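To be precise, the following lines are my_file05.cif, and they hold mmCIF, C-alpha atoms and all ligand atoms.
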data_structure
loop_
_atom_site.label_atom_id
_atom_site.label_comp_id
_atom_site.auth_asym_id
_atom_site.auth_seq_id
_atom_site.Cartn_x
_atom_site.Cartn_y
_atom_site.Cartn_z
CA MET U 676 -19.77 13.76 -15.78
CA LYS U 677 -16.62 14.99 -14.09
CA ILE U 678 -16.11 18.48 -12.67
CA HIS U 679 -13.16 20.47 -11.40
CA GLU U 680 -11.98 20.61 -7.81
CA TYR U 681 -13.07 24.24 -7.36
CA GLN U 682 -16.56 23.41 -8.64
CA ALA U 683 -16.80 20.38 -6.36
CA LYS U 684 -15.73 22.49 -3.38
CA ALA U 685 -18.34 25.14 -4.16
CA ILE U 686 -21.06 22.48 -4.17
CA LEU U 687 -19.80 20.71 -1.06
CA GLY U 688 -19.57 24.06 0.70
CA GLN U 689 -23.28 24.61 0.07
CA TYR U 690 -23.91 21.36 1.93
CA HIS U 691 -21.72 22.57 4.83
CA VAL U 692 -18.67 20.47 4.15
CA PRO U 693 -15.87 22.76 5.43
CA VAL U 694 -13.69 23.88 2.52
CA PRO U 695 -10.77 26.36 2.44
CA ARG U 696 -11.47 29.88 1.17
CA GLY U 697 -10.51 30.06 -2.47
CA GLU U 698 -11.15 31.53 -5.91
CA VAL U 699 -10.80 30.27 -9.44
CA ALA U 700 -8.37 32.10 -11.76
CA PHE U 701 -8.00 31.86 -15.53
CA ASN U 702 -4.79 33.92 -15.75
CA ALA U 703 -1.97 35.38 -13.67
CA GLU U 704 -3.78 38.69 -13.01
CA GLU U 705 -6.82 36.88 -11.63
CA ALA U 706 -4.56 34.66 -9.54
CA GLU U 707 -2.84 37.73 -8.08
CA ALA U 708 -6.18 39.40 -7.30
CA ALA U 709 -7.45 36.20 -5.68
CA ALA U 710 -4.33 35.94 -3.54
CA LYS U 711 -4.81 39.56 -2.42
CA HIS U 712 -8.44 38.89 -1.38
CA ILE U 713 -7.43 35.78 0.51
CA GLY U 714 -4.41 37.38 2.16
CA GLY U 715 -1.18 35.78 3.36
CA SER U 716 0.27 32.69 1.75
CA VAL U 717 -1.84 30.76 -0.74
CA VAL U 718 -1.84 27.44 -2.56
CA VAL U 719 -2.02 27.60 -6.35
CA LYS U 720 -3.62 24.44 -7.75
CA ALA U 721 -3.91 23.41 -11.39
CA GLN U 722 -7.48 22.44 -12.27
CA ILE U 723 -7.56 19.40 -14.53
CA HIS U 724 -9.81 16.36 -14.42
CA ALA U 725 -7.07 14.12 -13.08
CA GLY U 726 -5.49 13.42 -9.72
CA GLY U 727 -1.87 13.20 -8.67
CA ARG U 728 -1.35 16.89 -9.41
CA GLY U 729 0.73 17.42 -6.29
CA LYS U 730 3.49 15.06 -7.43
CA GLY U 731 3.30 16.36 -10.99
CA GLY U 732 4.00 19.99 -10.01
CA GLY U 733 0.39 21.17 -10.18
CA VAL U 734 0.05 22.21 -6.50
CA LYS U 735 2.39 24.95 -5.28
CA ILE U 736 2.55 27.34 -2.36
CA ALA U 737 3.07 31.10 -2.78
CA ARG U 738 4.04 33.35 0.13
CA ASN U 739 2.22 36.39 -1.26
CA ALA U 740 0.20 37.72 -4.17
CA SER U 741 3.12 38.51 -6.46
CA GLU U 742 4.52 35.00 -5.96
CA ALA U 743 1.05 33.63 -6.73
CA ALA U 744 1.02 35.59 -10.00
CA GLU U 745 4.44 34.20 -10.87
CA LEU U 746 3.39 30.61 -10.15
CA ALA U 747 0.20 31.14 -12.13
CA ARG U 748 2.17 32.37 -15.16
CA GLY U 749 4.17 29.14 -15.05
CA MET U 750 1.14 26.90 -14.61
CA ILE U 751 -1.41 28.33 -17.06
CA GLY U 752 -0.78 26.66 -20.40
CA MET U 753 1.58 24.05 -18.99
CA LYS U 754 1.20 20.38 -19.87
CA LEU U 755 0.67 18.71 -16.54
CA VAL U 756 1.62 15.05 -16.51
CA THR U 757 0.38 12.89 -13.63
CA HIS U 758 -0.11 9.15 -13.23
CA GLN U 759 -3.73 9.68 -14.28
CA THR U 760 -3.21 11.82 -17.41
CA GLY U 761 -1.04 9.44 -19.42
CA PRO U 762 2.31 10.60 -20.85
CA GLU U 763 0.70 13.24 -23.10
CA GLY U 764 -0.51 15.18 -20.05
CA ARG U 765 -3.25 17.82 -19.89
CA THR U 766 -3.04 21.52 -20.62
CA VAL U 767 -3.86 23.68 -17.61
CA HIS U 768 -6.45 26.40 -18.31
CA ARG U 769 -7.72 27.16 -14.82
CA LEU U 770 -6.27 27.48 -11.34
CA LEU U 771 -7.67 27.39 -7.86
CA VAL U 772 -6.06 29.89 -5.49
CA GLU U 773 -6.74 28.97 -1.88
CA GLU U 774 -5.78 29.89 1.66
CA THR U 775 -3.09 27.65 3.18
CA LEU U 776 -3.90 25.75 6.32
CA PRO U 777 -1.73 24.35 9.11
CA ILE U 778 -2.01 20.64 8.34
CA GLU U 779 -1.68 18.32 11.31
CA ARG U 780 -2.87 15.11 9.64
CA GLU U 781 -3.99 14.04 6.16
CA LEU U 782 -6.95 11.65 6.17
CA TYR U 783 -9.24 10.23 3.51
CA LEU U 784 -13.01 10.27 2.91
CA GLY U 785 -14.80 8.81 -0.08
CA ILE U 786 -18.18 7.56 -1.25
CA VAL U 787 -18.68 5.16 -4.15
CA LEU U 788 -21.54 2.99 -5.26
CA ASP U 789 -21.04 -0.62 -4.18
CA ARG U 790 -22.88 -2.68 -6.77
CA VAL U 791 -22.79 -5.84 -4.66
CA GLN U 792 -24.55 -4.23 -1.70
CA ALA U 793 -26.56 -2.00 -4.06
CA LYS U 794 -25.78 0.93 -1.78
CA PRO U 795 -23.33 3.81 -1.70
CA VAL U 796 -20.50 2.98 0.68
CA PHE U 797 -18.77 5.60 2.79
CA MET U 798 -15.06 4.99 3.24
CA ALA U 799 -12.77 6.70 5.70
CA SER U 800 -9.10 6.20 6.34
CA SER U 801 -6.32 7.55 8.50
CA ALA U 802 -4.02 7.05 5.49
CA GLY U 803 -4.89 10.16 3.46
CA GLY U 804 -2.96 12.28 0.99
CA VAL U 805 -1.68 9.15 -0.76
CA GLU U 806 -3.25 7.02 -3.46
CA ILE U 807 -6.16 5.19 -1.90
CA GLU U 808 -5.72 2.29 -4.35
CA GLU U 809 -2.28 1.70 -2.77
CA VAL U 810 -3.77 1.76 0.72
CA ALA U 811 -6.47 -0.69 -0.37
CA ALA U 812 -3.87 -3.04 -1.83
CA ARG U 813 -1.29 -2.91 0.98
CA THR U 814 -3.16 -2.09 4.17
CA PRO U 815 -6.88 -2.68 3.55
CA GLU U 816 -7.50 -2.71 7.33
CA LEU U 817 -6.86 1.05 7.29
CA ILE U 818 -10.00 1.65 5.22
CA LEU U 819 -13.19 1.73 7.31
CA LYS U 820 -16.53 1.38 5.57
CA ALA U 821 -20.17 2.13 6.28
CA ALA U 822 -23.04 1.54 3.87
CA LEU U 823 -25.43 4.48 3.35
CA ASP U 824 -29.15 4.14 3.75
CA PRO U 825 -31.41 6.32 1.60
CA THR U 826 -31.52 8.76 4.52
CA GLY U 827 -27.75 9.24 4.42
CA LEU U 828 -24.98 8.57 6.89
CA ALA U 829 -26.44 8.09 10.37
CA ALA U 830 -24.89 10.13 13.20
CA TYR U 831 -23.63 7.01 14.97
CA GLN U 832 -21.95 5.79 11.76
CA ALA U 833 -20.21 9.14 11.28
CA ARG U 834 -18.93 9.22 14.88
CA LYS U 835 -17.70 5.64 14.66
CA LEU U 836 -15.79 6.42 11.46
CA ALA U 837 -14.37 9.63 12.95
CA PHE U 838 -13.08 7.83 16.05
CA GLY U 839 -11.92 4.93 13.87
CA ILE U 840 -9.60 7.12 11.80
CA GLY U 841 -8.08 8.65 14.91
CA ILE U 842 -9.80 12.05 15.08
CA PRO U 843 -9.15 13.41 18.60
CA PRO U 844 -12.30 13.62 20.77
CA ALA U 845 -12.45 17.43 20.66
CA SER U 846 -12.75 17.35 16.86
CA VAL U 847 -15.02 14.31 16.47
CA ASN U 848 -18.25 16.31 16.24
CA ALA U 849 -16.82 18.55 13.52
CA ALA U 850 -15.47 15.57 11.57
CA ALA U 851 -18.73 13.63 11.91
CA ALA U 852 -20.71 16.66 10.72
CA ALA U 853 -18.43 17.01 7.69
CA MET U 854 -18.92 13.32 6.86
CA SER U 855 -22.70 13.53 7.13
CA ALA U 856 -22.65 16.65 4.96
CA LEU U 857 -20.58 14.85 2.33
CA ALA U 858 -23.06 11.96 2.29
CA LYS U 859 -25.97 14.37 2.02
CA ALA U 860 -24.35 16.13 -0.97
CA TYR U 861 -23.57 12.80 -2.64
CA LEU U 862 -27.18 11.64 -2.45
CA ALA U 863 -28.78 14.98 -3.33
CA MET U 864 -26.54 15.48 -6.38
CA ASP U 865 -26.91 11.91 -7.68
CA ALA U 866 -23.15 11.59 -7.60
CA SER U 867 -21.46 8.33 -8.54
CA LEU U 868 -18.28 9.26 -6.72
CA ALA U 869 -17.27 11.80 -4.10
CA GLU U 870 -13.77 11.79 -2.72
CA ILE U 871 -11.87 14.03 -0.34
CA ASN U 872 -8.18 13.21 -0.35
CA PRO U 873 -6.84 14.65 1.82
CA PHE U 874 -9.43 15.43 4.43
CA ILE U 875 -7.31 17.32 6.94
CA LEU U 876 -7.15 17.92 10.64
CA THR U 877 -5.44 21.25 11.38
CA ARG U 878 -3.14 22.05 14.29
CA ASP U 879 -5.99 24.03 15.87
CA GLY U 880 -8.33 21.02 15.73
CA LYS U 881 -10.43 21.98 12.71
CA VAL U 882 -11.27 19.77 9.72
CA TYR U 883 -11.35 20.69 6.02
CA ALA U 884 -11.79 19.12 2.61
CA LEU U 885 -8.40 20.10 1.17
CA ASP U 886 -9.08 18.36 -2.13
CA ALA U 887 -12.40 17.33 -3.68
CA LYS U 888 -13.42 15.12 -6.54
CA VAL U 889 -17.07 14.66 -7.48
CA THR U 890 -18.42 12.72 -10.45
CA PHE U 891 -22.11 12.82 -11.37
CA ASP U 892 -24.20 9.98 -12.69
CA ASP U 893 -24.94 10.99 -16.31
CA ASN U 894 -28.25 9.14 -16.23
CA ALA U 895 -29.50 11.43 -13.47
CA LEU U 896 -28.29 14.72 -14.94
CA TYR U 897 -31.75 15.47 -16.29
CA ARG U 898 -32.68 16.10 -12.65
CA HIS U 899 -29.85 18.61 -12.20
CA LYS U 900 -29.88 20.84 -15.25
CA GLU U 901 -27.91 23.50 -13.35
CA LEU U 902 -24.95 21.10 -13.19
CA LEU U 903 -24.64 20.86 -16.96
CA GLU U 904 -22.90 24.23 -17.17
CA LEU U 905 -20.09 22.86 -15.01
CA ARG U 906 -19.00 20.58 -17.82
CA ASP U 907 -15.57 21.54 -19.20
CA LEU U 908 -15.26 20.31 -22.77
CA ASN U 909 -11.50 21.08 -22.74
CA GLU U 910 -11.12 18.11 -20.43
CA GLU U 911 -12.87 15.63 -22.68
CA ASP U 912 -11.71 13.85 -25.80
CA PRO U 913 -12.94 15.96 -28.77
CA LEU U 914 -14.33 12.91 -30.60
CA GLU U 915 -16.22 11.81 -27.50
CA VAL U 916 -17.70 15.31 -27.14
CA GLU U 917 -18.75 15.22 -30.79
CA ALA U 918 -20.32 11.77 -30.33
CA SER U 919 -22.27 12.88 -27.27
CA ARG U 920 -23.84 15.67 -29.36
CA PHE U 921 -25.48 12.98 -31.49
CA GLY U 922 -26.50 10.74 -28.60
CA LEU U 923 -23.89 8.11 -29.45
CA ASN U 924 -21.98 6.08 -26.90
CA TYR U 925 -18.43 6.42 -28.17
CA ILE U 926 -15.22 5.81 -26.27
CA LYS U 927 -11.91 6.17 -28.04
CA LEU U 928 -9.38 3.38 -27.55
CA ASP U 929 -5.90 2.92 -28.98
CA GLY U 930 -6.27 0.06 -31.49
CA THR U 931 -6.67 0.03 -35.28
CA VAL U 932 -10.01 -1.71 -35.91
CA GLY U 933 -12.86 0.79 -35.84
CA CYS U 934 -16.00 -0.88 -34.49
CA MET U 935 -19.51 0.20 -35.39
CA VAL U 936 -22.03 -1.73 -33.35
CA ASN U 937 -25.55 -1.42 -31.99
CA GLY U 938 -26.11 -2.33 -28.36
CA ALA U 939 -23.59 -2.10 -25.53
CA GLY U 940 -23.47 -5.89 -25.05
CA LEU U 941 -22.77 -6.56 -28.70
CA ALA U 942 -20.19 -3.76 -28.66
CA MET U 943 -18.35 -5.44 -25.77
CA ALA U 944 -18.55 -8.83 -27.51
CA THR U 945 -17.22 -7.27 -30.71
CA MET U 946 -14.25 -5.76 -28.92
CA ASP U 947 -13.53 -9.17 -27.37
CA ILE U 948 -13.70 -11.01 -30.66
CA VAL U 949 -11.47 -8.45 -32.38
CA GLN U 950 -8.90 -9.11 -29.69
CA HIS U 951 -9.42 -12.83 -29.96
CA ALA U 952 -8.64 -12.54 -33.67
CA GLY U 953 -5.32 -10.89 -32.81
CA GLY U 954 -6.31 -7.27 -33.38
CA SER U 955 -7.19 -4.35 -31.17
CA PRO U 956 -10.32 -2.19 -31.24
CA ALA U 957 -9.94 1.53 -31.98
CA ASN U 958 -13.09 2.39 -30.10
CA PHE U 959 -16.21 1.31 -28.32
CA LEU U 960 -19.23 2.57 -30.24
CA ASP U 961 -22.84 1.82 -29.53
CA VAL U 962 -25.04 3.63 -32.01
CA GLY U 963 -28.06 2.63 -29.97
CA GLY U 964 -31.16 0.64 -30.72
CA GLY U 965 -33.19 3.34 -32.40
CA ALA U 966 -30.48 5.10 -34.41
CA SER U 967 -31.54 6.97 -37.56
CA ALA U 968 -29.60 6.90 -40.83
CA GLU U 969 -28.40 10.40 -39.87
CA GLN U 970 -27.00 9.18 -36.55
CA VAL U 971 -25.33 6.27 -38.29
CA ARG U 972 -23.76 8.69 -40.76
CA ASN U 973 -22.38 10.80 -37.89
CA ALA U 974 -21.19 7.73 -36.02
CA PHE U 975 -19.29 6.59 -39.06
CA ARG U 976 -17.76 10.01 -39.62
CA ILE U 977 -16.61 10.24 -35.98
CA LEU U 978 -15.22 6.73 -36.03
CA LEU U 979 -13.22 7.48 -39.18
CA SER U 980 -11.83 10.77 -37.97
CA ASP U 981 -9.56 8.72 -35.71
CA ALA U 982 -6.38 8.48 -37.82
CA HIS U 983 -5.41 5.18 -36.20
CA VAL U 984 -8.35 3.35 -37.79
CA LYS U 985 -7.01 1.02 -40.52
CA ALA U 986 -10.15 -1.05 -41.06
CA VAL U 987 -13.76 -0.84 -39.95
CA LEU U 988 -15.86 -3.68 -38.62
CA ILE U 989 -19.59 -3.09 -38.76
CA ASN U 990 -21.38 -5.59 -36.56
CA ILE U 991 -25.12 -5.05 -36.44
CA PHE U 992 -27.98 -7.06 -35.12
CA GLY U 993 -31.00 -5.47 -36.73
CA GLY U 994 -33.86 -5.17 -34.30
CA ILE U 995 -35.32 -1.76 -33.71
CA LEU U 996 -32.44 -0.40 -35.79
CA ARG U 997 -33.21 -2.10 -39.11
CA CYS U 998 -30.38 -3.33 -41.33
CA ASP U 999 -31.52 -1.20 -44.28
CA THR U 1000 -31.46 1.98 -42.15
CA LEU U 1001 -27.93 1.14 -41.04
CA ALA U 1002 -26.82 0.40 -44.61
CA THR U 1003 -28.30 3.65 -45.90
CA GLY U 1004 -26.44 5.66 -43.24
CA VAL U 1005 -23.16 3.87 -43.84
CA VAL U 1006 -23.32 4.27 -47.61
CA ALA U 1007 -24.15 7.97 -47.29
CA ALA U 1008 -21.23 8.50 -44.90
CA ALA U 1009 -18.82 6.45 -47.00
CA ARG U 1010 -19.65 8.49 -50.13
CA GLU U 1011 -19.47 11.81 -48.35
CA LEU U 1012 -16.18 11.04 -46.65
CA ASN U 1013 -14.45 9.34 -49.55
CA VAL U 1014 -13.55 6.40 -47.34
CA ARG U 1015 -10.30 4.63 -48.12
CA VAL U 1016 -10.07 2.10 -45.32
CA PRO U 1017 -11.55 -1.36 -45.93
CA ILE U 1018 -14.94 -2.07 -44.36
CA VAL U 1019 -16.13 -5.47 -43.18
CA VAL U 1020 -19.83 -5.94 -42.51
CA ARG U 1021 -21.61 -8.54 -40.49
CA MET U 1022 -25.35 -7.99 -40.33
CA GLU U 1023 -28.23 -10.11 -39.15
CA GLY U 1024 -31.83 -9.44 -38.27
CA THR U 1025 -34.62 -7.23 -39.54
CA ASN U 1026 -34.42 -6.38 -43.26
CA VAL U 1027 -30.99 -7.99 -43.56
CA ASP U 1028 -31.43 -8.83 -47.25
CA LEU U 1029 -32.39 -5.29 -48.11
CA GLY U 1030 -29.45 -4.01 -46.04
CA ARG U 1031 -26.96 -6.26 -47.83
CA GLN U 1032 -28.40 -5.23 -51.19
CA ILE U 1033 -27.96 -1.53 -50.39
CA LEU U 1034 -24.32 -2.13 -49.45
CA MET U 1035 -23.54 -4.25 -52.53
CA GLU U 1036 -25.23 -1.89 -54.97
CA SER U 1037 -23.43 1.12 -53.56
CA GLY U 1038 -20.31 0.30 -55.55
CA LEU U 1039 -18.21 0.84 -52.42
CA ASN U 1040 -15.66 -1.66 -51.20
CA PHE U 1041 -17.41 -3.75 -48.55
CA THR U 1042 -16.32 -7.20 -47.43
CA VAL U 1043 -19.10 -9.33 -46.02
CA GLY U 1044 -18.41 -11.50 -43.00
CA ALA U 1045 -20.22 -14.84 -42.77
CA ASP U 1046 -20.53 -14.54 -39.01
CA MET U 1047 -19.00 -12.58 -36.14
CA ARG U 1048 -15.79 -14.56 -35.97
CA ASP U 1049 -15.25 -14.49 -39.71
CA ALA U 1050 -15.94 -10.76 -39.87
CA ALA U 1051 -13.56 -10.02 -36.98
CA GLU U 1052 -10.80 -12.11 -38.54
CA LYS U 1053 -11.22 -10.36 -41.89
CA ALA U 1054 -11.21 -6.91 -40.30
CA VAL U 1055 -8.10 -7.65 -38.25
CA LYS U 1056 -6.27 -8.99 -41.28
CA LEU U 1057 -7.18 -5.94 -43.37
CA ALA U 1058 -6.12 -3.59 -40.55
CA GLN U 1059 -2.77 -5.34 -40.32
CA GLN U 1060 -2.21 -5.12 -44.09
CA GLY U 1061 -2.92 -1.42 -43.95
CA ASN U 1062 -0.63 -1.03 -40.97
CA PRO U 1063 2.55 -3.05 -41.61
CA GLU U 1064 4.60 -2.90 -38.42
P1 LIG R 1101 -3.82 15.88 -6.00
O1 LIG R 1101 -2.34 15.59 -5.91
O2 LIG R 1101 -4.25 16.10 -7.43
O3 LIG R 1101 -4.65 14.87 -5.31
O4 LIG R 1101 -4.02 17.30 -5.27
P2 LIG R 1101 -4.33 17.65 -3.73
O5 LIG R 1101 -5.28 18.75 -3.70
O6 LIG R 1101 -4.69 16.43 -2.96
O7 LIG R 1101 -2.94 18.21 -3.20
C1 LIG R 1101 -1.79 17.40 -3.07
C2 LIG R 1101 -1.07 17.67 -1.78
O8 LIG R 1101 -0.69 19.03 -1.71
C3 LIG R 1101 -1.92 17.42 -0.54
O9 LIG R 1101 -1.93 16.07 -0.13
C4 LIG R 1101 -1.22 18.31 0.48
O10 LIG R 1101 -0.14 17.61 1.08
C5 LIG R 1101 -0.65 19.45 -0.34
N1 LIG R 1101 -1.47 20.66 -0.14
C6 LIG R 1101 -2.61 21.01 -0.74
N2 LIG R 1101 -3.10 22.15 -0.22
C7 LIG R 1101 -2.24 22.53 0.75
C8 LIG R 1101 -2.19 23.61 1.70
O11 LIG R 1101 -3.06 24.46 1.78
N3 LIG R 1101 -1.11 23.67 2.53
C9 LIG R 1101 -0.12 22.74 2.49
N4 LIG R 1101 0.91 22.85 3.34
N5 LIG R 1101 -0.14 21.70 1.66
C10 LIG R 1101 -1.17 21.59 0.80
MN MN R 1102 -5.84 14.75 -3.70
#

So that I can check it, write out the structure of this file as structure tokens.
Amino acid sequence: MKIHEYQAKAILGQYHVPVPRGEVAFNAEEAEAAAKHIGGSVVVKAQIHAGGRGKGGGVKIARNASEAAELARGMIGMKLVTHQTGPEGRTVHRLLVEETLPIERELYLGIVLDRVQAKPVFMASSAGGVEIEEVAARTPELILKAALDPTGLAAYQARKLAFGIGIPPASVNAAAAAMSALAKAYLAMDASLAEINPFILTRDGKVYALDAKVTFDDNALYRHKELLELRDLNEEDPLEVEASRFGLNYIKLDGTVGCMVNGAGLAMATMDIVQHAGGSPANFLDVGGGASAEQVRNAFRILLSDAHVKAVLINIFGGILRCDTLATGVVAAARELNVRVPIVVRMEGTNVDLGRQILMESGLNFTVGADMRDAAEKAVKLAQQGNPE
């Protein structure tokens, strides 16, 4: 689960990561009031779940409250396009109004899970304020790393990183404390990513998290119910939000073959074989092992509400989800939705004969695939016929 910068800063602040004073604003009046509270010049920052806002015009400085209101009027409702949003951009609904700070240097701090070491890894770099992926590709020696133990970032590790990224001695203790606090927050919140870019050193020797990105591990959210209210559905694909309501793993992609599959591994294999057959999957969808006919019906409805879908490939290995349950759900959905796109089914496993019988007797237009390859080839061909370009 992703959250906004202002939410991430509020959480990090509770763990004593130094953050600038700021307030969230949903309109120009609130932005003006926030700027008045803060006093002096302020930064007005668009809150969307994507980075690169600075370059895209989503981070601007106002000299006073009335300028902040003016900037806010321009930003609220704008489509902000950054290298992370895709060309369609994201509509801005919220702003963060923050005090400005005298930046001396822009640095980088980040924590991600390193699956090879099976530990979170703390990264620090003197090259902040720019895309860290670029730094990693061009000058990897500028990224220092330290693996976290379950107890967090040890004091000696934090000091070594702080010196390593060129923090002057007088500010090393403050920087090391901020790093340890970030690690503490990461572990306590069950985050999967925490990134501060830039982490700044000011002209008066202080350090601050000027930007903040925190992503939580969905599988641990049951331990942090209070975090659920930070979710902003405006930032998520509407079909994915709908799918999550029914406990389905659905990710929208940009192809034309809708895939309905049980099990994440089989879903990945299905996407591969669709591509191998010359097509492109419209989605990843794992209806799960124990899906009910009702869930299958919803899955099918969500999959078909993507207008790009020209054919559907149903690839099911009946285990806990029995083939007859799947067939019942699919037939119910197909009737209810008056489905026009061709459907190719490949089913194996528990109650497969009963499942096939339900599909055939439904009177709906199903094509049966002999095996995975055959089914994928048929689905791709049908999608191409329905989509002549
Ligand atoms: P991002 O582009 O989405 O990563 O947004 P950031 O929050 O990182 O802001 C982008 C850039 O705006 C930063 O690297 C800074 O250079 C600049 N910036 C942000 N806040 C301030 C501020 O308070 N004062 C000044 N002078 N620049 C700022
Ligand atoms: Mn940033």

Do you know which residues are within 8 Å of ligand MN 1102 (chain R) using all atoms listed in the file? Can you write them as number ranges by chain?
U: 726-729, 804-805, 871-873, 885-887

Tell me which protein, DNA and RNA residues are within 7 Å of segment 779-791 of chain U, counting all atoms listed in the file, leaving out same-chain ones fewer than 4 positions away, and put them as a ChimeraX atom specification.
/U:795-804,867-878

Could you check how far atom CA of Glu680 of chain U sits from atom CA of Ala793 of chain U, in Å to one decimal?
27.2 Å

From the options U:Lys794, U:Arg972, U:Lys1056, U:Lys888, which residue's atoms come nearest to Ala685 of chain U, counting all atoms listed in the file?
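Checking each of U:Lys794, U:Arg972, U:Lys1056, U:Lys888 against Ala685 of chain U, counting all atoms listed in the file, the winner is U:Lys888.
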
Kindly give the distance, in Å, that separates atom CA of Leu1034 of chain U and atom CA of Asp929 of chain U, rounded to a single decimal.
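Distance between the two atoms: 28.0 Å.
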
Record the distance separating atom CA of Asp1046 of chain U and atom CA of Gly1024 of chain U, expressed in Å with one decimal.
12.4 Å

Among the residues U:Ala982, U:Met676, U:Val772, U:Ala743, the one that comes closest to ligand LIG 1101 (chain R) [using only C-alpha atoms and all ligand atoms]:
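Under the stated criterion, the closest residue is U:Val772.
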
Between U:Thr931, U:Asn937, U:Ser967, U:Ser980, which residue has the minimum interatomic distance to Gly993 of chain U, considering only C-alpha atoms?
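Result for the nearest residue to Gly993 of chain U: U:Asn937.
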
Of the candidates U:Arg997, U:Lys711, U:Arg1031, U:His758, which shows the shortest atom-to-atom distance to Arg738 of chain U, using only C-alpha atoms?
U:Lys711

Got a sec: who's within 9 Å of segment 900-912 of chain U, counting all atoms listed in the file, leaving out chain neighbours fewer than 4 positions off, as a PyMOL selection string?
chain U and resi 676-679+682+723-724+765-766+768+864+891+896+916-917+926-927

Which residue of U:Pro1017, U:Gly731, U:Gly1061, U:Pro693 approaches Ala853 of chain U most closely, using all atoms listed in the file:
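Closest to Ala853 of chain U of all the choices is U:Pro693.
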
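Closest approach to ligand LIG 1101 (chain R) among U:Leu979, U:Ala721, U:Val984, U:Ala812 is made by U:Ala721 (distances from only C-alpha atoms and all ligand atoms).
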
Can you find the residues with an atom no farther than 12 Å from (-20.3, -3.8, -27.0), counting only C-alpha atoms, and report them as a ChimeraX atom specification?
/U:924-926,934-949,956,958-963,989-992

First collect every listed atom of ligand LIG 1101 (chain R); then fit an axis-aligned box around them, widen it by 6 Å on each side, and give centre and edge lengths in Å to one decimal, as AutoDock Vina command-line options.
--center_x -2.2 --center_y 19.7 --center_z -2.0 --size_x 18.2 --size_y 21.6 --size_z 22.8

Determine, counting all atoms listed in the file, which protein, DNA and RNA residues have an atom within 10 Å of an atom of Gly732 of chain U; residues of the same chain fewer than 5 positions away are not included. Present the result as number ranges by chain.
U: 720-721, 727, 750, 755-757

Written selection (C-alpha atoms) as a CSV table (one decimal), in the coordinates of the input:
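Written output follows (out-v8.csv):
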chain,number,residue,atom,x,y,z
U,720,LYS,CA,-3.6,24.4,-7.8
U,721,ALA,CA,-3.9,23.4,-11.4
U,727,GLY,CA,-1.9,13.2,-8.7
U,750,MET,CA,1.1,26.9,-14.6
U,755,LEU,CA,0.7,18.7,-16.5
U,756,VAL,CA,1.6,15.0,-16.5
U,757,THR,CA,0.4,12.9,-13.6

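Using all atoms listed in the file, the set of residues no farther than 12 Å from the position (-9.9, 3.7, -46.4) comprises Val932, Gly933, Leu979, Ser980, Asp981, Ala982, His983, Val984, Lys985, Ala986, Val987, Ala1009, Arg1010, Leu1012, Asn1013, Val1014, Arg1015, Val1016, Pro1017, Ile1018, Val1019, Leu1039, Asn1040, Phe1041, Leu1057, Ala1058, Gln1060, Gly1061 and Asn1062 of chain U.
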
Take segment 1046-1056 of chain U, bring it up to N, CA and C atoms, and give me the output as a short mmCIF file (atom, residue, chain, number, x, y, z; two decimals), in the frame of the given file.
data_model
loop_
_atom_site.label_atom_id
_atom_site.label_comp_id
_atom_site.auth_asym_id
_atom_site.auth_seq_id
_atom_site.Cartn_x
_atom_site.Cartn_y
_atom_site.Cartn_z
N ASP U 1046 -20.04 -14.63 -40.38
CA ASP U 1046 -20.53 -14.54 -39.01
C ASP U 1046 -19.59 -13.62 -38.23
N MET U 1047 -19.80 -13.51 -36.94
CA MET U 1047 -19.00 -12.58 -36.14
C MET U 1047 -17.51 -12.90 -36.17
N ARG U 1048 -17.20 -14.18 -36.00
CA ARG U 1048 -15.79 -14.56 -35.97
C ARG U 1048 -15.12 -14.27 -37.32
N ASP U 1049 -15.80 -14.69 -38.37
CA ASP U 1049 -15.25 -14.49 -39.71
C ASP U 1049 -15.04 -12.99 -40.00
N ALA U 1050 -16.03 -12.21 -39.63
CA ALA U 1050 -15.94 -10.76 -39.87
C ALA U 1050 -14.79 -10.15 -39.08
N ALA U 1051 -14.64 -10.56 -37.82
CA ALA U 1051 -13.56 -10.02 -36.98
C ALA U 1051 -12.21 -10.40 -37.56
N GLU U 1052 -12.08 -11.66 -37.99
CA GLU U 1052 -10.80 -12.11 -38.54
C GLU U 1052 -10.45 -11.33 -39.81
N LYS U 1053 -11.47 -11.12 -40.65
CA LYS U 1053 -11.22 -10.36 -41.89
C LYS U 1053 -10.81 -8.92 -41.57
N ALA U 1054 -11.50 -8.31 -40.63
CA ALA U 1054 -11.21 -6.91 -40.30
C ALA U 1054 -9.80 -6.77 -39.72
N VAL U 1055 -9.43 -7.70 -38.86
CA VAL U 1055 -8.10 -7.65 -38.25
C VAL U 1055 -7.02 -7.80 -39.32
N LYS U 1056 -7.25 -8.75 -40.23
CA LYS U 1056 -6.27 -8.99 -41.28
C LYS U 1056 -6.11 -7.74 -42.17
#
